[in-house]
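One structure below.
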Amino acid sequence: MQPRDWNALGQRVGGWFPPANTFDPASAWTLTYTHEGLTPGRDGWLGGQPGGSLIVAHTPHPAGRHIKITEQIDTVGTSTTTMAEFHCANDTLLTPRRWNLDIHWESKMPLVSVAGLDQKRAGRVENNELVLTAAKEHRRRAPQHWTASWLLFAVLPHLPFASETRLHFDLLEEAELFKPDQQLTYIGKQPLALGGKNLSLHVFEQVGRGVLPTRWWLDDQHRVVLAASERHAYLLDARAKGVAS
Amino acid sequence: MNDLHTNRRGFLKTSGMGALALMLAERRAPAAPEKRPPNILFMHTDQQHWEAMSAFGCTHLRTPAMDRLAAAGTSFSLAYSANPVCCPARACWYTGRASQENGVIMNDRWPIAPDMPDLGQWFSARGYDAVYAGKWHVTGRQFMQSFRVLTPGSGIGELTDGVVARAAEGFLRSRKSGGKPFFLNLGFLQPHDCCYWVFEHHGDEPLTKLGPVPVPPPLPPNYTFDPTEPELIRQRRKGITAWTADQWRWYLWNYYRMVEMADAEIGRVLDALDDAGLAEETLVVLTADHGDGLARHQMVSKMFLYDEAARVPFIAAWPGQLQAGRRDERHLVSGLDVAPTVCDFAGFAPPPKMRGMSLRPLLEGRDATPWREFIVSDTQGTGRMVRTPEYKYIAYHNDPMTQLFDMRADPGELKNLATAAAQADIVRDLASRLDAWEKALEILPLKEIESPKKRKRARQS
């Protein structure tokens, strides 16, 4: 469960440094993460190189929160960018009320053809139902407690660092894939060596159906620094413009 | 006729893997199809244990998408990988020929016979839009030579299975019902990421502690093994012999999550197929290249012939055209059957010298169709096996020891009957079938290429 295969990240992690600016979870902020594969490269496959990026922009509103996501996932032959906007309730899980997604593809190899793959999605909560719209509308009963996977980057900064902190909820991964029975638990402050620096970070652990156990590492200001599961991590990019603005 | 007393002539007549299959395949077709042929959606997971699906009674995971497919079609309980290792299993699907014939006998170092056609080439040449997304892993041939590629994926399922499914979604949602038929092939990686879990926990290193998580699954009933097993099998346990029961249970728990991840992506694809109005004109086939040890016999991974590695899930569905919600527990099915089956549905002859059989008669409910009495699976890493409905016989490479299991009385393969005097006739018969099968193959002179790992090491030094 620890991100043990740091060798896979090579020099990138060696050059990493923690952000020094202040962070207020309740304010407007933007955080940028890099996608990191936690497996050594093999036979030309993607290894511990950056596999893209995730930008989370959080804006508070009197009636709730507005969260914008821009995620780019790079593979050997393609790059997929998803831009999502969520209008969320002002509750613990930032429960989405309505959202839309734009998915854009780019080819990085001459013989890889992505024409026609771009898509749009939308969703809303209506009469206790999730209404997911692609070419057709799909309806399903809204779970009692749920959120979207990207929103956890904004949910976690609001949770207390206390041993009794435990959330149970269902997850809509990428605002589309239903992953029930998630449990998020505060397990204490733990050391983490990162970029040649010995950090002490607060850790939440997430387990549930359809996801690999994930550890969320937050600094004292409640900012998510690292979210690492078995083979994949989001690492805060402290060099990105407006790391916490 | 008792299949255990089939002579060589009988073998060729009834196995369906020899000359008869070839003759039938070449006699049928290529009459013009009466109606538009179906689209083919061929999806495969990587390293999925045959029972790892809630539709098949596994209570340790939930797989609503695979269950949905099983409810819409026929699932074969006795389906086996032709060669339970990644590259060879895939080469067998795509060529319809045994590993010794197509050249891909192991991972990475043995390339596919350059002139042997694969399904991508075969379908493209016959008017299909042959499209690929995800893991390919057939040594010696780039999939761009055979398919139109949407995305090649990567070596980490956790990172890119979603990309593969999204690409398939985009492709399907942009298709029009009744358009040019497609052969869409999706190679998902999960639950193969379990291999990394194993690497990470190799040796005596204690298990990384998890926090407060749900109770992991119990150990399987056949979590033990025969200490007289051949050395080749015992070597497969290297690095994991010190695992505690807890460690095994965490392995199982993680593994099931990886299957659920693959399931969610498959659900995304099935939804897109439905939304695009293509479900009723598309044959969907779902299988896996091989299984996983999954703590049975205290094994992980593949490259051996116990059921946990060699047996695979296999589902085929075509709403409105084929039987729905059926579990076939009688017919033996091989990965070699994929090519003749999809070609049969597409309405053209398969490439020559298929070693498998079309499953179409079974899927259409014609159960009286003469069927094979045994299948063969082999892996260069350990040995070869013959499976009949009753027995499994395993002969190992460079080891005189053999194994015989009564698969009905001992499905966990714990009691080796190979040396029991009462079973001598059965052993002899199965050994002769294996011999006949191997003699009927057109063995390709093997050409080994330098492994990428070796090349990398050489560069680094």
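The chains in the structure tokens are called A, B, ... from first to last as shown; in each chain the residues are counted from 1, and the ligands are counted from 1 in the order shown.
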Mind checking which residues fall within 10 Å of A:Asp118, counting only C-alpha atoms, ignoring those fewer than 5 positions away in the same chain, and posting them as a ChimeraX atom specification?
/A:80-82,102-106 /B:166-167,169-171,173-174
Selection: 7 Å around A:Arg215, only C-alpha atoms, excl. self and same-chain fewer than 3 positions, as a count of residues only:
7
Produce a table with one row for each residue of chain A that has an atom at most 7 Å from any atom of chain B, each row naming the nearest atom pair and its distance in Å at one decimal; use only C-alpha atoms; arrange rows by chain and rising residue number; format as a tab-separated table.
residue	atom	partner	partner_atom	distance
A:Met1	CA	B:Thr208	CA	6.3
A:Asp43	CA	B:Pro452	CA	5.6
A:Trp45	CA	B:Ser154	CA	5.4
A:Leu46	CA	B:Ser154	CA	5.7
A:Thr75	CA	B:Gly153	CA	5.9
A:Val76	CA	B:Ser154	CA	6.5
A:Gly77	CA	B:Pro152	CA	5.9
A:Thr78	CA	B:Thr151	CA	5.9
A:Leu111	CA	B:Met144	CA	6.6
A:Val112	CA	B:Val149	CA	5.1
A:Ser113	CA	B:Leu150	CA	5.2
A:Val114	CA	B:Leu150	CA	5.6
A:Gly116	CA	B:Ser174	CA	6.3
A:Leu117	CA	B:Gly170	CA	4.1
A:Asp118	CA	B:Gly170	CA	6.3
A:Gln119	CA	B:Gly170	CA	6.3
A:Ala135	CA	B:Asp275	CA	6.1
A:Lys136	CA	B:Asp275	CA	6.0
A:Leu177	CA	B:Ala264	CA	6.2
A:Ile187	CA	B:Gly211	CA	6.8
A:Glu205	CA	B:Gly211	CA	6.8
A:Val207	CA	B:Val213	CA	6.6
A:Arg209	CA	B:Arg257	CA	6.2
A:Gly210	CA	B:Glu260	CA	4.6
A:Val211	CA	B:Arg257	CA	5.9
A:Leu212	CA	B:Arg257	CA	6.2
A:Arg231	CA	B:Glu158	CA	6.7
A:His232	CA	B:Leu159	CA	6.5
With N, CA and C atoms retained, write the just-selected residues as a compact mmCIF listing (two decimals), in the first residue's frame.
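The result, written out as part_2.txt:
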# COMPACT_ATOMS: atom_id res chain seq x y z
N MET A 1 0.80 -1.22 0.00
CA MET A 1 0.00 0.00 0.00
C MET A 1 0.83 1.27 0.00
N ASP A 43 9.45 -3.58 -22.20
CA ASP A 43 9.19 -3.91 -23.60
C ASP A 43 8.56 -2.74 -24.35
N TRP A 45 6.64 -0.54 -23.16
CA TRP A 45 5.42 -0.03 -22.52
C TRP A 45 5.76 1.14 -21.61
N LEU A 46 4.74 1.87 -21.29
CA LEU A 46 4.90 3.00 -20.40
C LEU A 46 5.32 2.51 -19.02
N THR A 75 -0.86 7.60 -23.12
CA THR A 75 -0.37 6.23 -23.28
C THR A 75 0.64 6.26 -24.42
N VAL A 76 1.11 5.12 -24.80
CA VAL A 76 2.15 5.08 -25.83
C VAL A 76 1.68 5.75 -27.12
N GLY A 77 0.44 5.55 -27.51
CA GLY A 77 0.00 6.05 -28.82
C GLY A 77 -1.02 7.15 -28.79
N THR A 78 -1.61 7.42 -27.63
CA THR A 78 -2.67 8.42 -27.60
C THR A 78 -2.58 9.31 -26.37
N LEU A 111 0.11 5.65 -37.12
CA LEU A 111 -0.88 4.64 -37.49
C LEU A 111 -1.97 4.45 -36.44
N VAL A 112 -2.01 5.34 -35.49
CA VAL A 112 -3.08 5.27 -34.49
C VAL A 112 -4.15 6.29 -34.86
N SER A 113 -5.36 5.78 -35.05
CA SER A 113 -6.42 6.62 -35.60
C SER A 113 -7.47 6.94 -34.54
N VAL A 114 -7.59 8.21 -34.19
CA VAL A 114 -8.54 8.58 -33.13
C VAL A 114 -9.73 9.38 -33.67
N GLY A 116 -13.12 10.58 -34.66
CA GLY A 116 -14.47 10.18 -34.26
C GLY A 116 -14.59 9.71 -32.82
N LEU A 117 -13.49 9.73 -32.07
CA LEU A 117 -13.57 9.22 -30.70
C LEU A 117 -13.97 10.28 -29.67
N ASP A 118 -13.93 11.56 -30.04
CA ASP A 118 -14.30 12.60 -29.08
C ASP A 118 -15.76 12.41 -28.63
N GLN A 119 -16.00 12.70 -27.39
CA GLN A 119 -17.36 12.51 -26.87
C GLN A 119 -17.75 13.60 -25.89
N ALA A 135 -25.48 9.25 -25.66
CA ALA A 135 -26.41 9.28 -26.78
C ALA A 135 -27.83 9.12 -26.26
N LYS A 136 -27.96 8.38 -25.17
CA LYS A 136 -29.26 8.17 -24.55
C LYS A 136 -29.16 8.52 -23.08
N LEU A 177 -18.60 5.38 -14.04
CA LEU A 177 -18.54 3.99 -13.59
C LEU A 177 -18.91 3.90 -12.12
N ILE A 187 -5.90 7.30 8.97
CA ILE A 187 -5.09 6.33 9.71
C ILE A 187 -3.86 6.95 10.38
N GLU A 205 -6.95 6.28 4.07
CA GLU A 205 -6.92 5.08 3.24
C GLU A 205 -8.31 4.84 2.66
N VAL A 207 -10.65 2.14 0.55
CA VAL A 207 -10.86 0.80 -0.03
C VAL A 207 -12.31 0.70 -0.46
N ARG A 209 -15.22 -1.44 -3.54
CA ARG A 209 -15.45 -2.26 -4.74
C ARG A 209 -14.88 -1.56 -5.98
N GLY A 210 -14.20 -2.33 -6.79
CA GLY A 210 -13.79 -1.82 -8.10
C GLY A 210 -12.66 -0.82 -8.09
N VAL A 211 -12.01 -0.65 -6.93
CA VAL A 211 -10.83 0.23 -6.89
C VAL A 211 -9.75 -0.50 -6.11
N LEU A 212 -8.51 -0.18 -6.41
CA LEU A 212 -7.43 -0.73 -5.61
C LEU A 212 -7.23 0.14 -4.38
N ARG A 231 -0.46 0.76 -8.63
CA ARG A 231 0.44 0.98 -9.77
C ARG A 231 0.32 2.37 -10.35
N HIS A 232 -0.38 3.22 -9.66
CA HIS A 232 -0.66 4.52 -10.23
C HIS A 232 -0.72 5.55 -9.12
Identify, with DSSP run on backbone atoms, the residues in stretch 95-188 of chain A assigned to strand (DSSP E), and express the list as JSON, numbers by chain.
{"A": [96, 97, 98, 99, 100, 101, 102, 103, 104, 105, 106, 107, 119, 120, 121, 122, 123, 124, 125, 126, 129, 130, 131, 132, 133, 137, 138, 139, 140, 141, 146, 147, 148, 166, 167, 168, 169, 170, 171, 172, 173, 177, 178, 179, 180, 181, 182, 183, 184, 185, 186, 187, 188]}
With N, CA and C atoms retained, write the just-selected residues as a compact mmCIF listing (two decimals), in the first residue's frame.
# COMPACT_ATOMS: atom_id res chain seq x y z
N PRO A 96 -22.34 15.72 -6.24
CA PRO A 96 -22.62 16.43 -7.50
C PRO A 96 -24.12 16.61 -7.71
N ARG A 97 -24.48 17.76 -8.24
CA ARG A 97 -25.87 18.05 -8.60
C ARG A 97 -26.05 17.99 -10.12
N ARG A 98 -25.10 18.55 -10.83
CA ARG A 98 -25.09 18.42 -12.29
C ARG A 98 -23.66 18.57 -12.77
N TRP A 99 -23.40 17.98 -13.92
CA TRP A 99 -22.03 17.97 -14.43
C TRP A 99 -22.01 17.72 -15.92
N ASN A 100 -20.91 18.07 -16.53
CA ASN A 100 -20.73 17.71 -17.95
C ASN A 100 -19.27 17.41 -18.21
N LEU A 101 -19.06 16.59 -19.23
CA LEU A 101 -17.71 16.13 -19.58
C LEU A 101 -17.48 16.32 -21.07
N ASP A 102 -16.29 16.70 -21.41
CA ASP A 102 -15.84 16.76 -22.80
C ASP A 102 -14.60 15.89 -22.91
N ILE A 103 -14.62 14.93 -23.79
CA ILE A 103 -13.48 14.02 -23.90
C ILE A 103 -12.86 14.20 -25.29
N HIS A 104 -11.60 14.51 -25.29
CA HIS A 104 -10.92 14.80 -26.56
C HIS A 104 -9.72 13.90 -26.74
N TRP A 105 -9.55 13.38 -27.94
CA TRP A 105 -8.46 12.44 -28.23
C TRP A 105 -7.43 13.05 -29.16
N GLU A 106 -6.18 12.70 -28.92
CA GLU A 106 -5.12 13.03 -29.87
C GLU A 106 -4.25 11.80 -30.10
N SER A 107 -3.84 11.65 -31.34
CA SER A 107 -2.96 10.53 -31.67
C SER A 107 -1.51 10.97 -31.55
N GLN A 119 -16.00 12.70 -27.39
CA GLN A 119 -17.36 12.51 -26.87
C GLN A 119 -17.75 13.60 -25.89
N LYS A 120 -19.05 13.72 -25.68
CA LYS A 120 -19.58 14.62 -24.65
C LYS A 120 -20.50 13.82 -23.74
N ARG A 121 -20.52 14.19 -22.48
CA ARG A 121 -21.37 13.52 -21.50
C ARG A 121 -21.99 14.59 -20.60
N ALA A 122 -23.10 14.27 -20.02
CA ALA A 122 -23.68 15.16 -19.02
C ALA A 122 -24.37 14.31 -17.97
N GLY A 123 -24.61 14.90 -16.84
CA GLY A 123 -25.33 14.18 -15.80
C GLY A 123 -25.98 15.15 -14.85
N ARG A 124 -26.99 14.66 -14.15
CA ARG A 124 -27.66 15.49 -13.14
C ARG A 124 -28.36 14.57 -12.16
N VAL A 125 -28.73 15.16 -11.05
CA VAL A 125 -29.54 14.42 -10.09
C VAL A 125 -30.95 14.98 -10.17
N GLU A 126 -31.90 14.08 -10.34
CA GLU A 126 -33.27 14.53 -10.54
C GLU A 126 -34.20 13.55 -9.82
N GLU A 129 -32.73 10.46 -8.58
CA GLU A 129 -32.14 9.58 -9.59
C GLU A 129 -30.92 10.26 -10.20
N LEU A 130 -29.92 9.43 -10.54
CA LEU A 130 -28.82 9.93 -11.35
C LEU A 130 -29.24 9.80 -12.80
N VAL A 131 -29.12 10.87 -13.52
CA VAL A 131 -29.47 10.83 -14.93
C VAL A 131 -28.18 11.06 -15.72
N LEU A 132 -27.72 10.03 -16.37
CA LEU A 132 -26.47 10.11 -17.13
C LEU A 132 -26.81 10.16 -18.61
N THR A 133 -26.28 11.13 -19.28
CA THR A 133 -26.64 11.32 -20.68
C THR A 133 -25.42 11.21 -21.57
N GLU A 137 -30.33 8.61 -22.46
CA GLU A 137 -30.34 8.87 -21.02
C GLU A 137 -30.37 7.56 -20.26
N HIS A 138 -29.54 7.45 -19.25
CA HIS A 138 -29.59 6.30 -18.35
C HIS A 138 -29.93 6.81 -16.96
N ARG A 139 -30.87 6.13 -16.33
CA ARG A 139 -31.27 6.56 -14.99
C ARG A 139 -30.99 5.45 -14.00
N ARG A 140 -30.52 5.82 -12.85
CA ARG A 140 -30.38 4.85 -11.77
C ARG A 140 -30.63 5.56 -10.45
N ARG A 141 -31.06 4.81 -9.48
CA ARG A 141 -31.36 5.44 -8.18
C ARG A 141 -30.09 6.06 -7.61
N TRP A 146 -22.79 9.61 -1.97
CA TRP A 146 -21.95 9.31 -3.12
C TRP A 146 -21.21 10.57 -3.56
N THR A 147 -20.17 10.33 -4.35
CA THR A 147 -19.47 11.44 -4.98
C THR A 147 -18.77 10.92 -6.24
N ALA A 148 -18.13 11.82 -6.96
CA ALA A 148 -17.39 11.43 -8.16
C ALA A 148 -15.91 11.31 -7.80
N ARG A 166 -14.24 8.64 9.34
CA ARG A 166 -14.45 7.53 8.42
C ARG A 166 -15.71 7.82 7.59
N LEU A 167 -15.54 7.79 6.28
CA LEU A 167 -16.68 8.04 5.40
C LEU A 167 -17.04 6.76 4.65
N HIS A 168 -18.33 6.52 4.49
CA HIS A 168 -18.82 5.42 3.67
C HIS A 168 -19.63 6.02 2.53
N PHE A 169 -19.33 5.61 1.34
CA PHE A 169 -20.03 6.22 0.20
C PHE A 169 -19.86 5.35 -1.03
N ASP A 170 -20.62 5.67 -2.07
CA ASP A 170 -20.44 5.06 -3.38
C ASP A 170 -19.73 6.07 -4.28
N LEU A 171 -19.05 5.51 -5.28
CA LEU A 171 -18.23 6.36 -6.13
C LEU A 171 -18.71 6.27 -7.57
N LEU A 172 -18.76 7.40 -8.22
CA LEU A 172 -19.00 7.40 -9.66
C LEU A 172 -17.67 7.78 -10.30
N GLU A 173 -16.93 6.76 -10.74
CA GLU A 173 -15.60 7.01 -11.28
C GLU A 173 -15.72 7.66 -12.65
N LEU A 177 -18.60 5.38 -14.04
CA LEU A 177 -18.54 3.99 -13.59
C LEU A 177 -18.91 3.90 -12.12
N PHE A 178 -19.87 3.07 -11.84
CA PHE A 178 -20.39 2.98 -10.47
C PHE A 178 -19.54 2.02 -9.66
N LYS A 179 -18.94 2.50 -8.58
CA LYS A 179 -18.08 1.69 -7.71
C LYS A 179 -18.57 1.82 -6.27
N PRO A 180 -19.36 0.88 -5.82
CA PRO A 180 -20.01 1.02 -4.51
C PRO A 180 -19.10 0.67 -3.33
N ASP A 181 -19.65 0.90 -2.16
CA ASP A 181 -19.06 0.43 -0.88
C ASP A 181 -17.66 0.97 -0.62
N GLN A 182 -17.46 2.24 -0.84
CA GLN A 182 -16.15 2.83 -0.56
C GLN A 182 -16.06 3.21 0.92
N GLN A 183 -14.88 3.10 1.45
CA GLN A 183 -14.63 3.47 2.84
C GLN A 183 -13.35 4.28 2.87
N LEU A 184 -13.44 5.46 3.46
CA LEU A 184 -12.28 6.34 3.54
C LEU A 184 -12.00 6.58 5.02
N THR A 185 -10.80 6.24 5.45
CA THR A 185 -10.50 6.25 6.89
C THR A 185 -9.20 7.01 7.16
N TYR A 186 -9.22 7.83 8.18
CA TYR A 186 -7.98 8.50 8.60
C TYR A 186 -7.15 7.51 9.40
N ILE A 187 -5.90 7.30 8.97
CA ILE A 187 -5.09 6.33 9.71
C ILE A 187 -3.86 6.95 10.38
N GLY A 188 -3.77 8.28 10.37
CA GLY A 188 -2.72 8.92 11.16
C GLY A 188 -1.66 9.60 10.32
Find the spatial neighbours of B:Pro411, counting only C-alpha atoms, within a cut-off of 10 Å - ignore same-chain residues fewer than 4 positions away - and output them as a short mmCIF file (atom, residue, chain, number, x, y, z; two decimals) with C-alpha atoms, in the first residue's frame.
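Output file result-v4.cif follows:
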data_model
loop_
_atom_site.label_atom_id
_atom_site.label_comp_id
_atom_site.auth_asym_id
_atom_site.auth_seq_id
_atom_site.Cartn_x
_atom_site.Cartn_y
_atom_site.Cartn_z
CA ASN B 222 -7.38 -26.66 -2.62
CA TYR B 306 -3.88 -26.83 -13.22
CA ASP B 307 -7.36 -25.50 -13.85
CA GLU B 390 -13.84 -36.76 -16.94
CA TYR B 391 -10.07 -36.56 -16.69
CA LYS B 392 -7.03 -34.38 -17.00
CA PHE B 405 -6.86 -36.17 -12.12
CA ASP B 406 -10.43 -37.35 -11.96
CA MET B 407 -11.97 -33.95 -12.61
CA LYS B 415 -5.02 -36.48 -5.88
#
As a ChimeraX atom specification, please: the residues near A:Gln190 (cut-off 10 Å, only C-alpha atoms, same-chain neighbours under 6 positions excluded).
/A:199-203,217
Selected residues, N, CA and C atoms, written as an mmCIF file, in the first residue's frame, please.
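Everything below was put into result.cif:
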data_model
loop_
_atom_site.group_PDB
_atom_site.id
_atom_site.type_symbol
_atom_site.label_atom_id
_atom_site.label_comp_id
_atom_site.auth_asym_id
_atom_site.auth_seq_id
_atom_site.Cartn_x
_atom_site.Cartn_y
_atom_site.Cartn_z
ATOM 1 N N LEU A 199 9.260 13.589 4.645
ATOM 2 C CA LEU A 199 8.053 14.327 4.989
ATOM 3 C C LEU A 199 7.268 13.563 6.038
ATOM 4 N N SER A 200 6.417 14.287 6.715
ATOM 5 C CA SER A 200 5.480 13.645 7.621
ATOM 6 C C SER A 200 4.096 14.111 7.198
ATOM 7 N N LEU A 201 3.299 13.185 6.704
ATOM 8 C CA LEU A 201 2.021 13.559 6.093
ATOM 9 C C LEU A 201 0.863 12.801 6.730
ATOM 10 N N HIS A 202 -0.306 13.392 6.637
ATOM 11 C CA HIS A 202 -1.519 12.753 7.144
ATOM 12 C C HIS A 202 -2.057 11.793 6.080
ATOM 13 N N VAL A 203 -2.450 10.617 6.531
ATOM 14 C CA VAL A 203 -2.843 9.591 5.551
ATOM 15 C C VAL A 203 -4.286 9.155 5.758
ATOM 16 N N TRP A 217 -2.271 11.176 0.818
ATOM 17 C CA TRP A 217 -1.291 11.807 1.709
ATOM 18 C C TRP A 217 -1.507 13.324 1.666
#
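What separates atom CA of A:Trp16 from atom CA of A:Leu54 is a distance of 16.6 Å.
If you look at atom CA of B:Gly320 and atom CA of B:Asn39, they are 14.0 Å away from each other.
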Which residue, B:Lys180, B:Arg141, B:Arg126, B:His397, has the smallest gap to B:Pro38 when you use only C-alpha atoms?
B:Lys180
Determine, counting only C-alpha atoms, which protein, DNA and RNA residues have an atom within 7 Å of an atom of B:Phe374; residues of the same chain fewer than 6 positions away are not included. Present the result as a PyMOL selection string.
chain B and resi 15+332+386-388
Go ahead and save the residues from that selection, with C-alpha atoms, as an mmCIF file, in the first residue's frame.
data_model
loop_
_atom_site.group_PDB
_atom_site.id
_atom_site.type_symbol
_atom_site.label_atom_id
_atom_site.label_comp_id
_atom_site.auth_asym_id
_atom_site.auth_seq_id
_atom_site.Cartn_x
_atom_site.Cartn_y
_atom_site.Cartn_z
ATOM 1 C CA SER B 15 -11.520 -34.643 -32.074
ATOM 2 C CA LEU B 332 -15.010 -28.677 -24.052
ATOM 3 C CA VAL B 386 -5.202 -33.561 -22.329
ATOM 4 C CA ARG B 387 -8.607 -32.777 -20.874
ATOM 5 C CA THR B 388 -11.678 -34.938 -21.373
#
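Atom pair atom CA of A:Ala175 / atom CA of B:Thr45 has a distance of 23.1 Å (rounded to one decimal).
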List the neighbours of B:Leu446 out to 8 Å using only C-alpha atoms; skip same-chain residues closer than 2 positions along the sequence, and give me the result as a PDB file with C-alpha atoms, in the first residue's frame.
ATOM      1  CA  GLY B 103       5.672 -20.059 -33.580  1.00  0.00           C
ATOM      2  CA  TRP B 110       9.440 -16.427 -30.233  1.00  0.00           C
ATOM      3  CA  LEU B 444       7.137 -24.610 -37.299  1.00  0.00           C
ATOM      4  CA  GLU B 448      14.160 -17.267 -31.193  1.00  0.00           C
TER       5      GLU B 448
END
Determine which residues of stretch 120-318 of chain B receive a DSSP assignment of helix (DSSP H, G or I), computed from the backbone, and state them as a PyMOL selection string.
chain B and resi 120-124+143-145+157-173+194-200+231-235+245-275+279-281+296-298+307-310
